[in-house]
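File shown here: protein.txt, holding compact mmCIF, C-alpha atoms.
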# COMPACT_ATOMS: atom_id res chain seq x y z
CA MET A 1 312.15 116.29 71.52
CA ASN A 2 311.01 118.16 68.43
CA SER A 3 311.98 121.68 67.44
CA LEU A 4 309.40 124.49 67.54
CA LYS A 5 308.47 126.08 64.22
CA ILE A 6 307.05 129.62 64.34
CA GLY A 7 306.39 130.62 60.75
CA ASN A 8 309.81 130.70 59.09
CA LEU A 9 311.59 130.63 62.46
CA THR A 10 312.73 127.44 64.14
CA ALA A 11 313.70 127.12 67.78
CA ARG A 12 315.88 124.05 68.25
CA LEU A 13 314.06 123.32 71.50
CA PRO A 14 310.31 123.76 72.12
CA ILE A 15 310.97 125.95 75.16
CA ILE A 16 309.89 129.58 75.46
CA GLN A 17 311.13 131.54 78.45
CA GLY A 18 308.18 133.44 79.89
CA GLY A 19 308.35 137.23 80.03
CA MET A 20 308.70 138.52 83.60
CA GLY A 21 308.52 142.16 84.68
CA VAL A 22 309.55 144.45 86.14
CA GLY A 23 313.10 143.78 85.00
CA ILE A 24 313.24 140.06 85.77
CA SER A 25 313.65 138.99 82.15
CA LEU A 26 315.64 141.48 80.14
CA SER A 27 318.40 140.94 77.58
CA GLY A 28 320.58 138.92 79.97
CA LEU A 29 318.14 136.08 80.56
CA ALA A 30 316.53 136.26 77.12
CA SER A 31 319.82 135.98 75.22
CA ALA A 32 321.03 133.14 77.43
CA VAL A 33 317.89 131.10 76.73
CA ALA A 34 318.09 131.89 73.01
CA ASN A 35 321.72 130.74 72.95
CA GLN A 36 320.65 127.36 74.32
CA GLY A 37 318.12 126.87 71.50
CA GLY A 38 314.97 128.16 73.19
CA VAL A 39 313.03 131.40 72.69
CA GLY A 40 314.25 134.18 74.97
CA VAL A 41 311.74 136.83 75.98
CA ILE A 42 312.25 140.41 77.20
CA SER A 43 309.47 141.86 79.34
CA CYS A 44 308.79 145.53 78.64
CA ALA A 45 306.56 146.03 81.71
CA GLY A 46 308.00 148.88 83.77
CA ILE A 47 311.14 149.08 81.66
CA GLY A 48 310.94 152.88 81.76
CA LEU A 49 311.79 152.83 85.46
CA ILE A 50 315.01 150.97 84.76
CA TYR A 51 315.89 153.45 81.98
CA ARG A 52 314.41 156.58 83.56
CA ASN A 53 317.70 158.49 83.31
CA THR A 54 317.67 158.22 79.50
CA ALA A 55 314.62 160.39 78.82
CA LYS A 56 312.55 163.37 79.92
CA ASP A 57 309.59 161.23 80.96
CA TYR A 58 308.57 157.66 81.76
CA MET A 59 306.93 156.88 78.41
CA GLU A 60 309.98 157.95 76.41
CA ALA A 61 312.19 155.98 78.79
CA CYS A 62 310.11 152.86 78.06
CA ILE A 63 310.79 153.22 74.35
CA ASN A 64 314.50 153.82 74.93
CA GLY A 65 314.71 150.90 77.32
CA LEU A 66 313.04 148.42 75.02
CA LYS A 67 315.20 149.51 72.08
CA GLU A 68 318.33 149.06 74.16
CA GLU A 69 317.37 145.66 75.58
CA ILE A 70 316.50 144.27 72.13
CA ARG A 71 319.78 145.65 70.77
CA ILE A 72 321.85 144.11 73.58
CA ALA A 73 320.07 140.77 73.28
CA LYS A 74 320.66 140.64 69.54
CA GLU A 75 324.36 141.38 70.09
CA LYS A 76 324.60 138.43 72.49
CA THR A 77 322.74 135.85 70.41
CA SER A 78 321.72 134.84 66.93
CA GLY A 79 318.82 132.92 68.45
CA ILE A 80 315.17 133.89 68.73
CA ILE A 81 314.32 136.95 70.86
CA GLY A 82 310.75 137.86 71.73
CA VAL A 83 309.09 140.66 73.67
CA ASN A 84 306.23 140.26 76.15
CA ILE A 85 303.80 143.20 76.07
CA MET A 86 300.80 143.41 78.41
CA MET A 87 297.54 144.72 76.95
CA ALA A 88 296.97 146.52 80.26
CA LEU A 89 299.90 148.88 79.65
CA THR A 90 298.92 152.44 78.74
CA ASN A 91 301.82 152.46 76.26
CA PHE A 92 300.94 149.10 74.69
CA SER A 93 300.86 150.71 71.24
CA ASP A 94 304.28 152.33 71.61
CA MET A 95 305.81 149.11 72.89
CA VAL A 96 304.42 147.08 69.97
CA LYS A 97 305.63 149.65 67.43
CA THR A 98 309.06 149.72 69.05
CA ALA A 99 309.38 145.92 69.12
CA ILE A 100 308.48 145.72 65.43
CA ALA A 101 310.80 148.58 64.43
CA GLU A 102 313.68 146.95 66.33
CA LYS A 103 312.98 143.64 64.59
CA ALA A 104 312.07 141.57 67.63
CA ASP A 105 311.44 138.07 66.36
CA ILE A 106 308.08 137.66 68.10
CA ILE A 107 305.64 139.63 70.24
CA PHE A 108 303.75 137.84 73.02
CA ALA A 109 300.66 139.83 74.01
CA GLY A 110 298.49 138.98 77.01
CA ALA A 111 296.66 140.45 80.03
CA GLY A 112 293.69 141.09 77.76
CA LEU A 113 292.62 140.11 74.25
CA PRO A 114 294.97 141.69 71.67
CA LEU A 115 292.27 141.94 69.02
CA ASP A 116 294.00 144.62 66.94
CA LEU A 117 297.62 143.51 67.25
CA PRO A 118 298.13 142.82 63.49
CA LYS A 119 297.31 146.44 62.62
CA TYR A 120 300.79 147.40 63.80
CA ILE A 121 302.57 145.20 61.26
CA THR A 122 304.55 147.35 58.84
CA PRO A 123 305.66 146.58 55.26
CA GLY A 124 308.66 144.29 55.37
CA SER A 125 308.15 143.46 59.06
CA THR A 126 309.54 140.11 60.17
CA THR A 127 308.07 140.12 63.70
CA LYS A 128 305.72 137.23 64.50
CA LEU A 129 302.60 137.70 66.62
CA ALA A 130 301.56 135.40 69.47
CA PRO A 131 298.53 136.05 71.66
CA ILE A 132 298.44 134.66 75.20
CA VAL A 133 295.03 133.19 76.00
CA SER A 134 293.35 131.32 78.84
CA SER A 135 290.54 129.60 76.93
CA ALA A 136 289.61 128.02 73.60
CA ARG A 137 286.95 130.71 73.18
CA ALA A 138 289.58 133.46 73.41
CA ALA A 139 291.74 131.67 70.84
CA ARG A 140 288.78 131.37 68.46
CA ILE A 141 287.78 135.03 68.83
CA ILE A 142 291.33 136.20 68.13
CA CYS A 143 291.72 133.95 65.08
CA GLU A 144 288.37 135.10 63.68
CA LYS A 145 289.00 138.81 64.28
CA TRP A 146 292.55 138.77 62.97
CA LYS A 147 291.60 136.89 59.83
CA THR A 148 288.51 138.99 59.13
CA LEU A 149 290.01 142.40 59.83
CA TYR A 150 293.67 141.92 58.87
CA ASN A 151 293.86 138.68 56.86
CA TYR A 152 296.33 137.45 59.50
CA LEU A 153 296.39 134.43 61.78
CA PRO A 154 298.51 134.02 64.93
CA ASP A 155 301.98 132.66 64.29
CA LEU A 156 301.74 130.86 67.64
CA VAL A 157 299.24 130.70 70.51
CA VAL A 158 300.31 130.53 74.16
CA VAL A 159 297.76 128.99 76.51
CA GLU A 160 298.42 130.11 80.07
CA GLY A 161 296.82 128.00 82.76
CA PRO A 162 295.92 128.97 86.34
CA LYS A 163 299.20 127.71 87.88
CA ALA A 164 301.17 130.54 86.25
CA GLY A 165 302.92 133.29 88.15
CA GLY A 166 301.96 136.93 87.88
CA HIS A 167 298.63 138.01 86.48
CA LEU A 168 296.11 135.28 85.76
CA GLY A 169 293.31 135.33 83.19
CA PHE A 170 290.93 133.52 85.51
CA LYS A 171 288.39 134.39 88.17
CA THR A 172 289.54 133.58 91.68
CA ASN A 173 287.13 130.65 91.98
CA GLN A 174 288.47 129.12 88.74
CA ILE A 175 292.12 128.98 89.78
CA ASP A 176 291.84 125.70 91.70
CA ASP A 177 288.99 124.29 89.61
CA PRO A 178 290.25 121.20 87.69
CA ASN A 179 288.00 122.16 84.76
CA PHE A 180 290.31 125.11 84.08
CA SER A 181 293.58 123.21 84.43
CA ILE A 182 296.17 123.49 81.66
CA GLU A 183 295.67 119.76 81.03
CA ASN A 184 292.04 120.47 80.12
CA LEU A 185 292.68 123.74 78.32
CA ILE A 186 295.32 122.52 75.87
CA PRO A 187 293.24 119.88 74.01
CA ASP A 188 290.36 122.37 73.69
CA VAL A 189 292.57 125.12 72.26
CA VAL A 190 294.37 122.68 69.95
CA ARG A 191 291.00 121.56 68.52
CA GLU A 192 289.84 125.15 68.07
CA VAL A 193 293.04 126.28 66.38
CA ALA A 194 293.07 123.18 64.13
CA ILE A 195 289.90 124.47 62.44
CA PHE A 196 291.78 127.56 61.27
CA GLU A 197 294.92 125.60 60.40
CA GLU A 198 292.92 123.33 58.10
CA LYS A 199 290.76 126.06 56.60
CA TYR A 200 293.67 128.38 55.76
CA ASN A 201 296.47 125.82 55.38
CA GLN A 202 298.64 127.49 58.01
CA GLU A 203 300.33 125.86 60.97
CA ILE A 204 299.60 127.56 64.30
CA PRO A 205 301.56 125.86 67.09
CA VAL A 206 299.92 125.87 70.52
CA VAL A 207 302.24 126.26 73.51
CA ALA A 208 301.36 125.48 77.13
CA ALA A 209 302.26 127.74 80.05
CA GLY A 210 301.63 127.90 83.77
CA GLY A 211 303.07 125.59 86.41
CA ILE A 212 305.36 123.74 84.01
CA TYR A 213 308.62 123.24 85.89
CA THR A 214 310.24 119.95 84.87
CA GLY A 215 310.96 118.04 81.69
CA GLU A 216 308.39 115.52 82.86
CA ASP A 217 305.80 118.33 83.01
CA MET A 218 306.82 119.24 79.46
CA TYR A 219 306.42 115.69 78.21
CA LYS A 220 302.98 115.23 79.78
CA ILE A 221 301.49 118.44 78.41
CA MET A 222 303.00 117.90 74.96
CA GLN A 223 301.23 114.53 74.89
CA GLN A 224 298.01 116.56 75.12
CA GLY A 225 298.79 118.32 71.84
CA ALA A 226 301.01 121.26 72.84
CA LYS A 227 303.91 121.82 70.44
CA GLY A 228 306.02 123.38 73.17
CA VAL A 229 306.01 125.00 76.59
CA GLN A 230 306.53 128.40 78.13
CA ILE A 231 308.49 128.31 81.39
CA ALA A 232 309.19 131.32 83.60
CA SER A 233 309.72 130.54 87.29
CA ARG A 234 312.44 127.97 86.74
CA PHE A 235 314.57 130.57 84.96
CA VAL A 236 314.41 133.05 87.86
CA THR A 237 317.00 131.15 89.87
CA THR A 238 319.63 131.29 87.14
CA GLU A 239 322.85 133.25 87.09
CA GLU A 240 321.72 135.04 83.93
CA CYS A 241 318.33 136.16 85.26
CA ASP A 242 318.33 139.96 85.35
CA ALA A 243 316.89 140.25 88.88
CA ASP A 244 318.86 140.98 92.06
CA ILE A 245 320.17 137.97 93.99
CA LYS A 246 317.79 138.80 96.87
CA PHE A 247 314.86 138.34 94.48
CA LYS A 248 316.24 134.98 93.36
CA ASN A 249 316.83 133.91 96.95
CA SER A 250 313.17 134.59 97.79
CA TYR A 251 312.36 131.68 95.46
CA ILE A 252 315.02 129.44 96.95
CA LYS A 253 313.84 130.10 100.51
CA ALA A 254 310.15 129.63 99.67
CA VAL A 255 308.10 126.61 100.71
CA ASP A 256 304.85 125.34 99.25
CA ASN A 257 302.45 127.49 101.30
CA ASP A 258 304.45 130.66 100.61
CA VAL A 259 302.92 130.79 97.12
CA GLU A 260 299.64 132.71 97.38
CA ILE A 261 296.96 134.37 95.28
CA ILE A 262 296.76 138.15 95.57
CA GLN A 263 294.48 140.77 94.04
CA SER A 264 296.60 142.99 91.81
CA PRO A 265 296.02 146.70 91.09
CA VAL A 266 295.88 145.59 87.45
CA GLY A 267 292.41 144.24 88.29
CA MET A 268 293.31 140.57 87.95
CA PRO A 269 294.22 137.90 90.48
CA GLY A 270 297.92 137.12 90.58
CA ARG A 271 300.25 134.57 92.13
CA ALA A 272 303.13 135.75 94.29
CA LEU A 273 305.36 134.80 97.23
CA LYS A 274 304.19 135.82 100.70
CA ASN A 275 306.36 138.42 102.36
CA ASN A 276 306.23 141.36 104.78
CA PHE A 277 305.32 143.85 102.06
CA LEU A 278 302.20 141.88 101.10
CA GLU A 279 301.29 141.64 104.79
CA LYS A 280 301.43 145.44 104.95
CA VAL A 281 299.19 145.57 101.87
CA LYS A 282 296.62 143.45 103.70
CA GLN A 283 296.82 145.81 106.68
CA GLY A 284 296.21 148.85 104.47
CA LEU A 285 299.64 150.37 105.13
CA THR A 286 300.78 150.87 101.54
CA VAL A 287 298.29 153.36 100.05
CA PRO A 288 299.87 155.37 97.19
CA LYS A 289 299.78 159.18 97.46
CA SER A 290 299.94 159.80 93.72
CA CYS A 291 300.38 158.13 90.32
CA PRO A 292 303.80 159.16 88.98
CA TYR A 293 303.86 156.95 85.89
CA ASN A 294 300.31 156.29 84.62
CA CYS A 295 301.56 152.89 83.46
CA LEU A 296 298.35 150.83 83.57
CA LEU A 297 294.98 151.37 81.91
CA THR A 298 293.15 149.57 84.70
CA CYS A 299 294.78 151.23 87.74
CA ASP A 300 293.33 154.17 89.71
CA TYR A 301 295.78 155.20 92.43
CA LYS A 302 292.88 156.54 94.54
CA LYS A 303 291.40 153.05 94.77
CA VAL A 304 294.35 150.62 94.72
CA PRO A 305 296.26 149.56 97.87
CA TYR A 306 299.75 150.17 96.41
CA CYS A 307 301.64 151.16 93.25
CA ILE A 308 302.42 147.87 91.55
CA ILE A 309 305.15 149.16 89.25
CA ILE A 310 307.13 150.64 92.16
CA ALA A 311 306.63 147.47 94.23
CA LEU A 312 307.86 145.24 91.40
CA TYR A 313 310.77 147.55 90.60
CA ASN A 314 311.84 147.47 94.26
CA ALA A 315 311.75 143.67 94.18
CA TYR A 316 313.81 143.58 90.97
CA LYS A 317 316.43 145.72 92.77
CA GLY A 318 316.39 143.38 95.78
CA ARG A 319 314.46 145.67 98.10
CA MET A 320 312.06 142.92 99.13
CA ASP A 321 310.79 144.90 102.14
CA LYS A 322 309.28 147.38 99.67
CA GLY A 323 308.04 144.94 97.03
CA TYR A 324 307.33 141.31 96.26
CA ALA A 325 308.03 138.53 93.78
CA PHE A 326 305.45 137.15 91.40
CA ALA A 327 305.93 133.38 91.11
CA GLY A 328 304.37 130.31 89.55
CA LYS A 329 302.65 127.58 91.55
CA ASN A 330 305.82 125.43 91.58
CA ALA A 331 308.37 128.20 92.19
CA TYR A 332 309.07 126.83 95.67
CA LEU A 333 310.80 123.83 94.04
CA SER A 334 313.84 126.04 93.39
CA ASN A 335 316.73 125.13 95.67
CA LYS A 336 319.88 126.60 94.10
CA ILE A 337 321.24 129.07 91.59
CA GLU A 338 322.09 127.43 88.25
CA THR A 339 323.13 128.57 84.81
CA VAL A 340 320.55 128.70 82.03
CA LYS A 341 322.48 125.92 80.31
CA GLU A 342 322.15 123.71 83.38
CA VAL A 343 318.41 124.36 83.56
CA ILE A 344 317.89 123.63 79.85
CA ASP A 345 320.06 120.49 80.02
CA SER A 346 318.04 119.30 83.00
CA LEU A 347 314.71 119.94 81.24
CA VAL A 348 315.89 118.06 78.15
CA SER A 349 317.21 115.07 80.11
CA GLU A 350 314.03 114.90 82.23
CA PHE A 351 311.94 115.00 79.07
CA LYS A 352 313.99 112.28 77.39
CA ARG A 353 313.78 110.00 80.43
CA LYS A 354 310.01 110.26 80.27
CA GLU A 355 309.99 109.85 76.47
CA ASN A 356 312.26 106.79 76.52
CA PRO A 357 311.87 105.07 79.90
CA VAL A 358 314.36 102.38 80.78
CA ILE A 359 312.60 99.02 80.89
CA LEU A 360 314.26 96.60 83.29
Taking this structure as input, can you express it in the form of structure tokens?
Amino acid sequence: MNSLKIGNLTARLPIIQGGMGVGISLSGLASAVANQGGVGVISCAGIGLIYRNTAKDYMEACINGLKEEIRIAKEKTSGIIGVNIMMALTNFSDMVKTAIAEKADIIFAGAGLPLDLPKYITPGSTTKLAPIVSSARAARIICEKWKTLYNYLPDLVVVEGPKAGGHLGFKTNQIDDPNFSIENLIPDVVREVAIFEEKYNQEIPVVAAGGIYTGEDMYKIMQQGAKGVQIASRFVTTEECDADIKFKNSYIKAVDNDVEIIQSPVGMPGRALKNNFLEKVKQGLTVPKSCPYNCLLTCDYKKVPYCIIIALYNAYKGRMDKGYAFAGKNAYLSNKIETVKEVIDSLVSEFKRKENPVIL
């Protein structure tokens, strides 16, 4: 298993822990993954709710919260720490500026095309930039725009397929279409990115995400040209995951048909675990009365069936009757709580067994 090079950074293992909000991947999980040689990722989505007692308003609390989580993570590890920042956040700009000022190693930006992300880079900045895309076309557009406008190319590209948890960059009818599978997407994106690598003599590793759960999954997709993988759901059921144990247990108790596609207030389809709260959503029993946080560009509280940030915060705190868990297609495979080290060791051994099969 090769290491993962991201500019002048090197992760010993080609494993990126996916960013999960609200509060599911903070400094606890991120630092644990980084300590095992992967890339740990803090999600800043809704972080202001967790740190709301530190500031006069939600937006200031988001800045304080992200600063604190990066600081704590860096105290716990000398490994690579990234931050996941959704384009759909109203405070996207503040979160990017904060991550760069606090010297996060890498920013992962998705839920939209981050066409102007390099404009935030400051003199002396060491933060790498990684867009999350769902097509070769999106990768090409970003590379072209960044190079033309900012003389910058992505340090890494994450390709997220339709089996991912949370918000998906696909139309509902594309999610189960084999033409949009990660196995088909990766070779296309690798070919597209290779044009820019060759033209500008810069390596741009492509990483696969969405539905990757085992070391065997890793091996198969890396045979398609991916230099690494991003894994989220498998890290939820770890001791170090920042979520409440009731959130983790919702994964462990889940079966295959509990994983469903929902329509999110963000305006994108998403994948989550069925529960009573989502049943109430379907029955129209969760209509928000106001918008206390103005956290999403694409959300109008007068039109959406519930406040997503409050629902996800409740789930993070273990109040599953008032929220729900986003989850990847294979999240139901979880059956016990493990340490991050145990998960990483398992991924590596599964990968190596596939890489070097025993011939009898």
For Lys354 of chain A, the closest of A:Gly124, A:Gly284, A:Gly215, A:Gly110 counting all atoms listed in the file is A:Gly215
Near Glu183 of chain A, within 10 Å and counting only C-alpha atoms, which residues show up once chain neighbours fewer than 5 positions away are dropped, as number ranges by chain?
-> A: 161, 178, 188, 208, 220-226
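Near Ile204 of chain A, within 10 Å and counting all atoms listed in the file, sit Lys5, Ile6, Gly7, Ala130, Leu153, Pro154, Asp155, Leu156, Val157, Val190, Val193, Ala194, Phe196, Glu197 and Lys227 of chain A; same-chain residues fewer than 4 positions away were not included.
Nearest-residue note for Asn330 of chain A: choosing from A:Asn53, A:Thr214, A:Asn173, A:Thr238, the minimum distance belongs to A:Thr214, counting only C-alpha atoms.
The interatomic distance for the pair atom CA of Lys97 of chain A and atom CA of Asn35 of chain A works out to 25.4 Å.
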*Show which residues sit within 7 Å of segment 311-318 of chain A, as a list in words. Count all atoms listed in the file, and ignore same-chain residues fewer than 5 positions away.*
Val22, Gly23, Ile24, Ala243, Asp244, Ile245, Lys246, Phe247, Gly323, Tyr324 and Ala325 of chain A
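Checking A:Ala232, A:Met1, A:Val259, A:Ile182 one by one against Gly21 of chain A, counting all atoms listed in the file, you find the shortest gap at A:Ala232.
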Checklist entry - Taking (305.5, 147.0, 101.9) in the file's coordinates as the center, which residues reach within 8 Å of it, counting all atoms listed in the file, put as an NGL selection string? => result :A and (276-281 or 285-286 or 311 or 321-323)
